[in-house]
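Containing compact mmCIF, C-alpha atoms: run.txt.
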# COMPACT_ATOMS: atom_id res chain seq x y z
CA MET U 1 -10.94 25.52 26.17
CA ASN U 2 -8.61 28.43 25.46
CA ARG U 3 -10.62 31.59 24.58
CA ASP U 4 -8.57 32.24 21.45
CA THR U 5 -9.29 28.72 20.24
CA GLU U 6 -12.99 29.23 20.92
CA LYS U 7 -12.96 32.49 18.95
CA LEU U 8 -11.14 30.77 16.12
CA ILE U 9 -13.70 27.96 16.03
CA ASP U 10 -16.50 30.56 15.89
CA ALA U 11 -14.75 32.32 13.03
CA LEU U 12 -14.10 29.13 11.06
CA SER U 13 -17.56 27.65 11.46
CA GLY U 14 -19.49 30.86 10.69
CA ASN U 15 -20.77 31.29 7.09
CA LEU U 16 -19.48 27.82 6.21
CA ARG U 17 -19.11 27.23 2.49
CA PRO U 18 -19.86 23.72 1.18
CA VAL U 19 -16.87 21.97 -0.41
CA ARG U 20 -16.72 19.05 -2.83
CA PRO U 21 -14.62 16.25 -1.30
CA LEU U 22 -11.81 14.90 -3.47
CA ASP U 23 -12.48 11.57 -5.13
CA PRO U 24 -10.66 8.54 -3.64
CA PRO U 25 -6.94 8.46 -4.54
CA MET U 26 -7.24 5.20 -6.52
CA ALA U 27 -10.00 6.68 -8.70
CA ARG U 28 -7.91 9.79 -9.39
CA ALA U 29 -4.80 7.70 -10.08
CA GLY U 30 -6.84 5.55 -12.48
CA ARG U 31 -7.98 8.65 -14.36
CA PHE U 32 -4.43 9.91 -14.77
CA LEU U 33 -3.17 6.48 -15.84
CA ALA U 34 -5.90 6.26 -18.48
CA PHE U 35 -5.02 9.74 -19.75
CA ALA U 36 -1.29 8.87 -19.83
CA ALA U 37 -2.00 5.60 -21.65
CA VAL U 38 -3.94 7.43 -24.37
CA CYS U 39 -1.23 10.12 -24.80
CA LEU U 40 1.68 7.69 -24.79
CA GLY U 41 -0.19 5.27 -27.07
CA ALA U 42 -0.71 8.14 -29.53
CA ILE U 43 3.02 8.95 -29.43
CA VAL U 44 3.90 5.29 -30.09
CA LEU U 45 1.47 5.18 -33.04
CA LEU U 46 2.86 8.45 -34.37
CA TYR U 47 6.47 7.25 -34.36
CA GLY U 48 5.68 3.58 -35.14
CA VAL U 49 6.99 0.62 -33.15
CA LYS U 50 10.48 -0.46 -34.25
CA PRO U 51 10.69 -4.13 -35.42
CA LEU U 52 13.80 -4.45 -33.22
CA PHE U 53 11.70 -3.65 -30.16
CA LEU U 54 9.15 -6.38 -31.03
CA ALA U 55 11.93 -8.87 -31.72
CA ARG U 56 13.59 -8.23 -28.36
CA LEU U 57 10.39 -8.76 -26.35
CA ASP U 58 11.30 -12.48 -26.32
CA GLU U 59 14.45 -11.72 -24.32
CA PRO U 60 13.82 -11.59 -20.55
CA ALA U 61 16.87 -9.32 -20.14
CA PHE U 62 15.02 -6.73 -22.25
CA LEU U 63 11.38 -7.46 -21.40
CA VAL U 64 11.76 -7.52 -17.59
CA PRO U 65 13.32 -4.05 -17.19
CA TRP U 66 10.85 -2.61 -19.73
CA LEU U 67 7.85 -4.00 -17.82
CA ALA U 68 9.46 -2.93 -14.52
CA SER U 69 9.75 0.66 -15.82
CA ILE U 70 6.01 0.69 -16.61
CA LEU U 71 5.16 -0.79 -13.21
CA THR U 72 7.39 1.84 -11.57
CA GLY U 73 5.33 4.54 -13.30
CA ILE U 74 2.03 2.96 -12.24
CA ALA U 75 3.14 2.43 -8.63
CA ALA U 76 4.56 5.96 -8.38
CA THR U 77 1.28 7.41 -9.74
CA ILE U 78 -0.74 5.50 -7.13
CA ALA U 79 1.67 6.66 -4.41
CA VAL U 80 1.42 10.31 -5.52
CA PHE U 81 -2.37 10.44 -5.31
CA HIS U 82 -2.33 8.79 -1.87
CA LEU U 83 0.42 11.08 -0.57
CA ALA U 84 -1.51 14.08 -1.90
CA VAL U 85 -4.03 13.82 0.95
CA PRO U 86 -3.21 13.75 4.68
CA GLY U 87 -3.20 10.46 6.53
CA ALA U 88 -1.96 8.11 3.79
CA PRO U 89 -0.67 4.80 5.14
CA ARG U 90 3.12 4.79 5.37
CA PHE U 91 3.62 1.80 3.05
CA VAL U 92 2.22 3.79 0.11
CA PHE U 93 5.44 5.81 -0.03
CA TRP U 94 7.42 2.60 -0.69
CA LEU U 95 5.09 1.21 -3.40
CA PRO U 96 7.33 2.16 -6.35
CA VAL U 97 10.47 0.74 -4.71
CA PRO U 98 10.08 -2.97 -5.70
CA PRO U 99 9.50 -2.35 -9.46
CA LEU U 100 12.18 0.36 -9.43
CA ALA U 101 14.61 -2.06 -7.79
CA VAL U 102 13.83 -4.73 -10.42
CA TRP U 103 14.26 -2.15 -13.19
CA LEU U 104 17.66 -0.98 -11.89
CA ALA U 105 18.86 -4.47 -10.94
CA THR U 106 18.07 -6.10 -14.29
CA LEU U 107 19.57 -3.23 -16.27
CA GLY U 108 22.55 -3.18 -13.90
CA ALA U 109 23.15 -6.91 -14.38
CA GLY U 110 22.92 -6.53 -18.17
CA CYS U 111 25.26 -3.55 -18.05
CA LEU U 112 27.84 -5.49 -16.02
CA GLU U 113 27.65 -8.40 -18.42
CA GLU U 114 28.19 -6.13 -21.42
CA LEU U 115 31.07 -4.27 -19.85
CA LEU U 116 32.81 -7.55 -18.95
CA ALA U 117 32.30 -8.90 -22.48
CA HIS U 118 33.00 -5.82 -24.60
CA GLY U 119 34.41 -3.15 -22.30
CA ALA U 120 33.25 0.42 -22.79
CA ALA U 121 33.83 0.40 -26.57
CA HIS U 122 30.11 0.39 -27.46
CA LEU U 123 29.22 3.45 -25.42
CA GLU U 124 28.07 6.55 -27.24
CA THR U 125 26.07 9.67 -26.56
CA SER U 126 22.30 9.68 -27.02
CA TRP U 127 21.04 13.15 -26.17
CA HIS U 128 17.98 12.39 -28.25
CA CYS U 129 16.81 10.05 -25.45
CA VAL U 130 17.15 12.84 -22.88
CA GLN U 131 15.28 15.21 -25.17
CA VAL U 132 12.37 12.80 -25.78
CA ILE U 133 12.10 11.85 -22.09
CA VAL U 134 12.01 15.52 -21.05
CA GLN U 135 9.60 16.49 -23.85
CA THR U 136 7.23 13.66 -22.91
CA SER U 137 7.56 13.99 -19.13
CA VAL U 138 7.03 17.72 -18.82
CA PRO U 139 3.52 17.95 -20.37
CA LEU U 140 2.42 14.78 -18.55
CA GLY U 141 3.90 16.14 -15.33
CA LEU U 142 2.03 19.42 -15.78
CA VAL U 143 -1.24 17.52 -16.18
CA LEU U 144 -0.42 15.50 -13.06
CA GLY U 145 0.38 18.74 -11.22
CA TRP U 146 -2.93 20.22 -12.38
CA MET U 147 -4.73 17.16 -11.01
CA LEU U 148 -3.04 17.80 -7.65
CA ARG U 149 -4.12 21.47 -7.48
CA ARG U 150 -6.78 20.83 -4.81
CA ALA U 151 -4.66 18.30 -2.95
CA ALA U 152 -2.73 18.93 0.26
CA PRO U 153 0.48 16.91 0.22
CA LEU U 154 2.15 17.02 3.61
CA ALA U 155 5.41 15.70 2.09
CA PRO U 156 5.77 17.96 -0.98
CA VAL U 157 9.35 16.95 -1.84
CA ALA U 158 8.58 13.21 -1.89
CA THR U 159 5.30 13.80 -3.72
CA GLY U 160 7.02 15.94 -6.37
CA ALA U 161 9.84 13.42 -6.81
CA LEU U 162 7.42 10.49 -7.16
CA ALA U 163 5.24 12.43 -9.63
CA ALA U 164 8.27 13.14 -11.81
CA LEU U 165 9.48 9.55 -11.43
CA ALA U 166 6.08 8.32 -12.63
CA VAL U 167 5.93 10.42 -15.79
CA ALA U 168 9.64 9.94 -16.63
CA ALA U 169 9.37 6.15 -16.23
CA PHE U 170 6.41 6.16 -18.63
CA ALA U 171 8.35 8.37 -21.04
CA SER U 172 11.33 6.00 -20.93
CA ALA U 173 9.15 2.92 -21.59
CA THR U 174 7.45 4.71 -24.48
CA LEU U 175 10.74 5.81 -25.98
CA GLU U 176 12.04 2.25 -26.02
CA THR U 177 9.29 1.19 -28.41
CA PHE U 178 10.49 3.45 -31.22
CA HIS U 179 14.08 4.26 -30.32
CA SER U 180 15.44 0.97 -29.05
CA LEU U 181 18.87 1.40 -27.62
CA GLN U 182 20.81 -1.77 -28.24
CA THR U 183 22.37 -2.30 -24.85
CA ALA U 184 21.48 -2.32 -21.15
CA THR U 185 24.47 -0.08 -20.51
CA MET U 186 23.12 2.59 -22.84
CA LEU U 187 19.64 2.28 -21.31
CA LEU U 188 21.09 2.64 -17.82
CA LEU U 189 23.28 5.53 -18.88
CA TRP U 190 20.73 7.57 -20.82
CA HIS U 191 17.23 6.50 -19.81
CA VAL U 192 17.70 5.85 -16.10
CA THR U 193 19.92 8.92 -15.63
CA SER U 194 17.28 11.08 -17.35
CA VAL U 195 14.55 9.58 -15.14
CA GLY U 196 16.68 10.24 -12.03
CA ALA U 197 17.30 13.83 -13.10
CA MET U 198 13.58 14.34 -13.72
CA ALA U 199 12.80 12.97 -10.22
CA ALA U 200 15.30 15.44 -8.72
CA ILE U 201 13.68 18.30 -10.65
CA GLY U 202 10.27 17.03 -9.49
CA ALA U 203 11.45 17.09 -5.86
CA ALA U 204 12.56 20.72 -6.23
CA ALA U 205 9.34 21.67 -8.04
CA GLY U 206 7.27 19.89 -5.38
CA LYS U 207 8.97 21.86 -2.61
CA ARG U 208 8.09 25.13 -4.35
CA THR U 209 4.62 24.41 -5.68
CA LEU U 210 2.95 21.70 -3.59
CA ARG U 211 2.32 23.87 -0.54
CA LEU U 212 -0.47 23.72 1.97
CA PRO U 213 -2.93 26.56 1.34
CA VAL U 214 -2.37 28.02 4.85
CA MET X 215 -14.99 18.99 24.79
CA ASN X 216 -12.95 15.85 25.20
CA GLY X 217 -9.57 17.21 26.23
CA ALA X 218 -8.71 16.70 29.87
CA GLY X 219 -5.93 18.89 31.19
CA PRO X 220 -3.77 21.30 29.24
CA ALA X 221 -2.14 18.64 27.09
CA GLY X 222 -5.40 16.83 26.48
CA TYR X 223 -4.14 13.34 27.28
CA ALA X 224 -7.68 12.00 27.33
CA LYS X 225 -9.02 8.72 26.04
CA PHE X 226 -11.00 8.97 22.85
CA PRO X 227 -13.48 6.14 22.43
CA GLY X 228 -13.81 4.75 18.89
CA MET X 229 -17.47 5.74 18.73
CA GLU X 230 -16.54 9.42 18.97
CA GLN X 231 -13.94 9.16 16.25
CA GLU X 232 -16.53 7.67 13.91
CA ALA X 233 -18.85 10.51 14.82
CA TRP X 234 -16.14 13.05 13.99
CA GLY X 235 -15.91 11.60 10.49
CA GLU X 236 -19.67 11.94 10.06
CA LEU X 237 -19.64 15.48 11.43
CA LEU X 238 -16.88 16.54 9.03
CA ALA X 239 -18.67 14.85 6.12
CA ARG X 240 -21.76 16.91 6.99
CA ALA X 241 -19.59 20.02 7.31
CA GLN X 242 -18.31 19.40 3.78
CA SER X 243 -21.92 19.82 2.64
CA GLY X 244 -22.13 23.14 4.50
CA ASP X 245 -23.69 22.04 7.83
CA GLU X 246 -22.44 24.76 10.20
CA ARG X 247 -23.77 23.14 13.39
CA ALA X 248 -22.03 19.84 12.61
CA TYR X 249 -18.80 21.69 11.84
CA ARG X 250 -18.94 23.73 15.04
CA ARG X 251 -19.42 20.52 17.03
CA PHE X 252 -16.58 18.85 15.17
CA LEU X 253 -14.21 21.79 15.76
CA GLY X 254 -15.28 21.92 19.40
CA GLU X 255 -14.55 18.24 19.97
CA VAL X 256 -11.27 17.63 18.16
CA PRO X 257 -8.89 20.08 19.94
CA GLY X 258 -8.40 17.68 22.86
CA PHE X 259 -7.28 14.96 20.50
CA LEU X 260 -5.09 17.41 18.58
CA ARG X 261 -3.46 18.60 21.82
CA ALA X 262 -2.54 15.01 22.66
CA VAL X 263 -1.03 14.48 19.18
CA VAL X 264 0.91 17.76 19.30
CA ALA X 265 2.14 17.08 22.84
CA ARG X 266 3.55 13.73 21.74
CA THR X 267 5.67 15.49 19.08
CA GLY X 268 7.64 17.28 21.79
CA VAL X 269 6.17 20.77 21.36
CA PRO X 270 6.50 22.53 24.75
CA ILE X 271 3.31 22.78 26.76
CA ASP X 272 2.99 26.58 26.43
CA ALA X 273 3.09 26.36 22.62
CA ILE X 274 0.64 23.47 22.18
CA GLU X 275 -2.41 25.72 21.90
CA ASP X 276 -0.75 27.79 19.12
CA VAL X 277 -0.03 24.64 17.14
CA VAL X 278 -3.57 23.34 17.72
CA GLN X 279 -4.98 26.63 16.39
CA GLU X 280 -2.76 26.44 13.32
CA THR X 281 -3.92 22.86 12.82
CA LEU X 282 -7.57 23.98 12.99
CA ILE X 283 -6.91 26.67 10.37
CA THR X 284 -5.16 24.17 8.10
CA LEU X 285 -7.81 21.48 8.44
CA HIS X 286 -10.44 24.11 7.67
CA ALA X 287 -8.62 25.08 4.47
CA ILE X 288 -8.19 21.48 3.31
CA ARG X 289 -11.40 19.94 4.70
CA HIS X 290 -12.25 18.78 1.16
CA THR X 291 -9.31 16.32 1.32
CA TYR X 292 -11.06 14.21 3.96
CA GLU X 293 -12.65 11.20 2.32
CA PRO X 294 -15.82 10.44 4.32
CA ALA X 295 -15.48 6.65 4.03
CA ARG X 296 -12.00 6.65 5.63
CA PRO X 297 -11.05 6.82 9.32
CA ILE X 298 -10.60 10.41 10.43
CA LYS X 299 -7.93 9.91 13.08
CA PRO X 300 -4.99 9.39 10.66
CA TRP X 301 -6.14 12.48 8.69
CA LEU X 302 -6.23 14.66 11.82
CA THR X 303 -2.98 13.20 13.17
CA ALA X 304 -1.09 13.84 9.93
CA ILE X 305 -2.15 17.51 9.79
CA ALA X 306 -1.38 18.11 13.48
CA ARG X 307 2.05 16.48 13.17
CA ARG X 308 2.84 18.54 10.08
CA ARG X 309 1.96 21.76 11.91
CA ALA X 310 4.01 20.67 14.94
CA ILE X 311 7.02 20.06 12.68
CA ASP X 312 6.53 23.49 11.06
CA TRP X 313 6.36 25.10 14.51
CA ARG X 314 9.55 23.37 15.62
CA ARG X 315 11.36 24.47 12.46
CA ARG X 316 10.30 28.06 13.04
CA GLY X 317 11.29 27.75 16.70
CA THR X 318 14.75 26.43 15.82
CA GLY X 319 15.22 29.38 13.49
CA ALA X 320 14.20 31.89 16.15
CA ALA X 321 16.31 30.24 18.84
CA ARG X 322 19.46 31.02 16.85
CA HIS X 323 18.90 34.75 17.37
CA GLU X 324 17.78 34.62 20.99
CA VAL X 325 19.83 34.72 24.17
CA PRO X 326 18.45 33.29 27.43
CA MET X 327 17.99 35.91 30.12
CA PRO X 328 20.22 35.33 33.13
CA GLU X 329 18.62 34.87 36.55
CA PHE X 330 20.05 38.10 37.96
CA ALA X 331 18.76 40.17 35.04
CA ALA X 332 16.03 41.69 37.21
CA GLU X 333 18.71 43.67 39.09
CA THR X 334 19.65 45.46 35.91
CA LEU X 335 16.08 46.29 34.82
CA ALA X 336 14.33 49.54 35.61
CA ASP X 337 11.14 49.69 37.68
CA PRO X 338 8.43 48.87 35.11
CA ASP X 339 6.06 51.52 36.54
CA SER X 340 8.50 54.41 36.45
CA ASN X 341 8.01 55.15 32.76
CA ARG X 342 4.37 54.14 32.42
CA ASP X 343 3.20 57.04 30.23
CA LEU X 344 6.32 56.94 28.11
CA ASP X 345 5.92 53.20 27.68
CA ARG X 346 2.32 53.61 26.61
CA ASN X 347 3.33 55.95 23.78
CA ALA X 348 6.22 53.71 22.83
CA ALA X 349 3.90 50.69 22.82
CA ARG X 350 1.53 52.46 20.45
CA GLU X 351 4.42 53.14 18.09
CA THR X 352 5.67 49.55 18.46
CA VAL X 353 2.27 48.11 17.59
CA ARG X 354 2.07 50.40 14.57
CA GLU X 355 5.47 49.12 13.41
CA MET X 356 4.41 45.50 14.03
CA VAL X 357 1.23 45.97 12.00
CA ALA X 358 3.34 47.41 9.19
CA ARG X 359 5.51 44.28 9.25
CA LEU X 360 2.52 41.94 8.69
CA PRO X 361 2.03 40.39 5.23
CA ALA X 362 -0.15 42.65 3.04
CA GLY X 363 -3.23 40.36 3.09
CA GLN X 364 -3.23 40.03 6.89
CA ARG X 365 -2.60 43.75 7.38
CA ARG X 366 -5.48 44.69 5.10
CA ALA X 367 -7.87 42.28 6.84
CA LEU X 368 -6.83 43.63 10.26
CA GLU X 369 -7.17 47.24 9.17
CA MET X 370 -10.64 46.68 7.72
CA LEU X 371 -12.11 44.47 10.44
CA LYS X 372 -10.41 45.63 13.65
CA LEU X 373 -9.16 49.16 13.03
CA GLY X 374 -11.74 50.25 10.48
CA GLU X 375 -14.51 48.38 12.33
CA MET X 376 -16.06 47.21 9.06
CA SER X 377 -18.42 44.24 9.15
CA LEU X 378 -17.27 40.98 7.55
CA ALA X 379 -19.70 41.47 4.68
CA GLU X 380 -18.46 45.03 4.07
CA ALA X 381 -14.83 43.96 4.21
CA SER X 382 -15.56 41.04 1.90
CA ALA X 383 -17.27 43.33 -0.62
CA ALA X 384 -14.44 45.87 -0.38
CA SER X 385 -11.61 43.38 -0.81
CA GLY X 386 -13.21 40.74 -3.01
CA GLN X 387 -12.07 38.04 -0.53
CA SER X 388 -14.38 35.47 1.03
CA THR X 389 -15.48 36.03 4.61
CA THR X 390 -13.67 32.86 5.71
CA ALA X 391 -10.43 34.05 4.10
CA LEU X 392 -10.81 37.36 5.95
CA LYS X 393 -11.48 35.62 9.27
CA VAL X 394 -8.45 33.38 8.85
CA ALA X 395 -6.26 36.32 7.81
CA THR X 396 -7.39 38.34 10.86
CA HIS X 397 -6.78 35.45 13.22
CA ARG X 398 -3.32 34.89 11.77
CA ALA X 399 -2.56 38.60 11.95
CA LEU X 400 -3.50 38.74 15.64
CA ALA X 401 -1.49 35.59 16.35
CA ALA X 402 1.51 37.08 14.52
CA LEU X 403 1.20 40.35 16.47
CA ARG X 404 0.97 38.45 19.74
CA LYS X 405 4.09 36.50 18.83
CA MET X 406 5.97 39.65 17.78
CA TRP X 407 4.91 41.36 21.01
CA ASN X 408 6.09 38.44 23.13
CA ASN X 409 9.37 38.18 21.25
CA GLN X 410 10.28 41.86 21.40
CA THR X 411 13.18 42.71 23.65
CA PRO X 412 12.80 45.68 26.01

If you took the structure in this file and wrote it as structure tokens, what would it be?
Amino acid sequence: MNRDTEKLIDALSGNLRPVRPLDPPMARAGRFLAFAAVCLGAIVLLYGVKPLFLARLDEPAFLVPWLASILTGIAATIAVFHLAVPGAPRFVFWLPVPPLAVWLATLGAGCLEELLAHGAAHLETSWHCVQVIVQTSVPLGLVLGWMLRRAAPLAPVATGALAALAVAAFASATLETFHSLQTATMLLLWHVTSVGAMAAIGAAAGKRTLRLPV
Amino acid sequence: MNGAGPAGYAKFPGMEQEAWGELLARAQSGDERAYRRFLGEVPGFLRAVVARTGVPIDAIEDVVQETLITLHAIRHTYEPARPIKPWLTAIARRRAIDWRRRGTGAARHEVPMPEFAAETLADPDSNRDLDRNAARETVREMVARLPAGQRRALEMLKLGEMSLAEASAASGQSTTALKVATHRALAALRKMWNNQTP
């Protein structure tokens, strides 16, 4: 073996400090999901569920994208904790894609239907949605980031984007319970755009913060 | 040592890979002997992984050393129940990609030396004493260009001849951090020295 490599091995193995191995990714993802469920549940209780939201749960065009947004958050969380350690199987990266596709496709179909029926007359601004999604996502994202502090993601941009996607998808699903937007077009315009923007911010934050220690 | 040949294209029986996982798990609990054995056995495998990424043969050992430093720093991310090969492969590939990115950056500022360049160069021995003084100055400048942490570690351990324990007490850094910083400093100096143009 190369002498430099031998010297390096001597240096690394001398005075070895014990380390606590990270828990399995699924266990860590489960812990974050439980924490998120408690926080988001508290927010829902604080604001109170709108009767309109409960009434619309019977409509598949409303229920399916709402459930898909929650599943997107869960799948993205699982993917993040797997990607946060080296050697994750490649399929993990794609886990959030099916629920995300269902979420976008069902909202997209509803949006198209509404635009064909009513045109763009019912569109309005809803900055409140953006505000709530950001205000909910950022603290949750910081907790998720804190849980990744000992991790070593080899794909920091993807990990950051998926982490932000996870928390923003949860924030969007929570917001719908007490601030039901009436139409798929509005949901697509305000919720999904906010989630996309959060994922982009997460990608940039991941690039800067999720670095290997050496 | 498993590696055969400079690129380490050796076969690695499954039994050994399982043993590597056990050795690293024991190293996580602080078993130095197990860790030394683990670090002594994996470079051959790492060389094979790095070679497959297209890193030129003369740079493979650098990338393997960087991989060893990284896997040391993140050894807590190995989950003992899981296969170790994908964990090692992912880290080695990451380091190979980083090396190639750095290499691409450097290549933009470098010009290949033409074959007849020797005709234009002076006799290397003619200015031996002058060169020695110049080299001393060059090394001093190179040391000054190192990141602060690496420079301090180098000054304490190599120039100041302090022991690891003394340097650790003086700087408040762990001995491992100091060892890694010194190794990186020497590697950086070597690279700067090789890259300097006469």

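With all atoms listed in the file taken into account, the protein and nucleic acid residues at most 12 Å from Ala295 of chain X (excluding it and anything under 5 positions from it in its own chain) are Pro21, Leu22, Asp23 and Pro24 of chain U; Glu232, Ala233, Trp234, Gly235, Glu236, Leu238, Ala239 and Trp301 of chain X.
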
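Going from atom CA of Leu140 of chain U to atom CA of Leu71 of chain U covers 16.7 Å.
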
**OP:** May I have the residues within 9 Å of Ala367 of chain X as a PyMOL selection string, using all atoms listed in the file and disregarding those fewer than 3 positions away in the same chain?
**Re:** chain X and resi 362-364+370-372+381+385+392-393+395-396+399

Proximal residues of chain X relative to chain U (all atoms listed in the file; 8 Å) as a PDB file with C-alpha atoms, in the frame of the given file:
ATOM      1  CA  MET X 215     -14.990  18.990  24.790  1.00  0.00           C
ATOM      2  CA  ALA X 241     -19.590  20.020   7.310  1.00  0.00           C
ATOM      3  CA  GLN X 242     -18.310  19.400   3.780  1.00  0.00           C
ATOM      4  CA  SER X 243     -21.920  19.820   2.640  1.00  0.00           C
ATOM      5  CA  GLY X 244     -22.130  23.140   4.500  1.00  0.00           C
ATOM      6  CA  ASP X 245     -23.690  22.040   7.830  1.00  0.00           C
ATOM      7  CA  GLU X 246     -22.440  24.760  10.200  1.00  0.00           C
ATOM      8  CA  ARG X 247     -23.770  23.140  13.390  1.00  0.00           C
ATOM      9  CA  TYR X 249     -18.800  21.690  11.840  1.00  0.00           C
ATOM     10  CA  ARG X 250     -18.940  23.730  15.040  1.00  0.00           C
ATOM     11  CA  LEU X 253     -14.210  21.790  15.760  1.00  0.00           C
ATOM     12  CA  GLY X 254     -15.280  21.920  19.400  1.00  0.00           C
ATOM     13  CA  GLU X 275      -2.410  25.720  21.900  1.00  0.00           C
ATOM     14  CA  GLN X 279      -4.980  26.630  16.390  1.00  0.00           C
ATOM     15  CA  LEU X 282      -7.570  23.980  12.990  1.00  0.00           C
ATOM     16  CA  ILE X 283      -6.910  26.670  10.370  1.00  0.00           C
ATOM     17  CA  THR X 284      -5.160  24.170   8.100  1.00  0.00           C
ATOM     18  CA  HIS X 286     -10.440  24.110   7.670  1.00  0.00           C
ATOM     19  CA  ALA X 287      -8.620  25.080   4.470  1.00  0.00           C
ATOM     20  CA  ILE X 288      -8.190  21.480   3.310  1.00  0.00           C
ATOM     21  CA  ARG X 289     -11.400  19.940   4.700  1.00  0.00           C
ATOM     22  CA  HIS X 290     -12.250  18.780   1.160  1.00  0.00           C
ATOM     23  CA  THR X 291      -9.310  16.320   1.320  1.00  0.00           C
ATOM     24  CA  TYR X 292     -11.060  14.210   3.960  1.00  0.00           C
ATOM     25  CA  GLU X 293     -12.650  11.200   2.320  1.00  0.00           C
ATOM     26  CA  PRO X 300      -4.990   9.390  10.660  1.00  0.00           C
ATOM     27  CA  TRP X 301      -6.140  12.480   8.690  1.00  0.00           C
ATOM     28  CA  LEU X 302      -6.230  14.660  11.820  1.00  0.00           C
ATOM     29  CA  THR X 303      -2.980  13.200  13.170  1.00  0.00           C
ATOM     30  CA  ALA X 304      -1.090  13.840   9.930  1.00  0.00           C
ATOM     31  CA  ILE X 305      -2.150  17.510   9.790  1.00  0.00           C
ATOM     32  CA  ARG X 308       2.840  18.540  10.080  1.00  0.00           C
ATOM     33  CA  THR X 389     -15.480  36.030   4.610  1.00  0.00           C
ATOM     34  CA  THR X 390     -13.670  32.860   5.710  1.00  0.00           C
ATOM     35  CA  LYS X 393     -11.480  35.620   9.270  1.00  0.00           C
ATOM     36  CA  VAL X 394      -8.450  33.380   8.850  1.00  0.00           C
ATOM     37  CA  HIS X 397      -6.780  35.450  13.220  1.00  0.00           C
TER      38      HIS X 397
END

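For the pair atom CA of Trp190 of chain U and atom CA of Ala164 of chain U, the separation is 16.4 Å.
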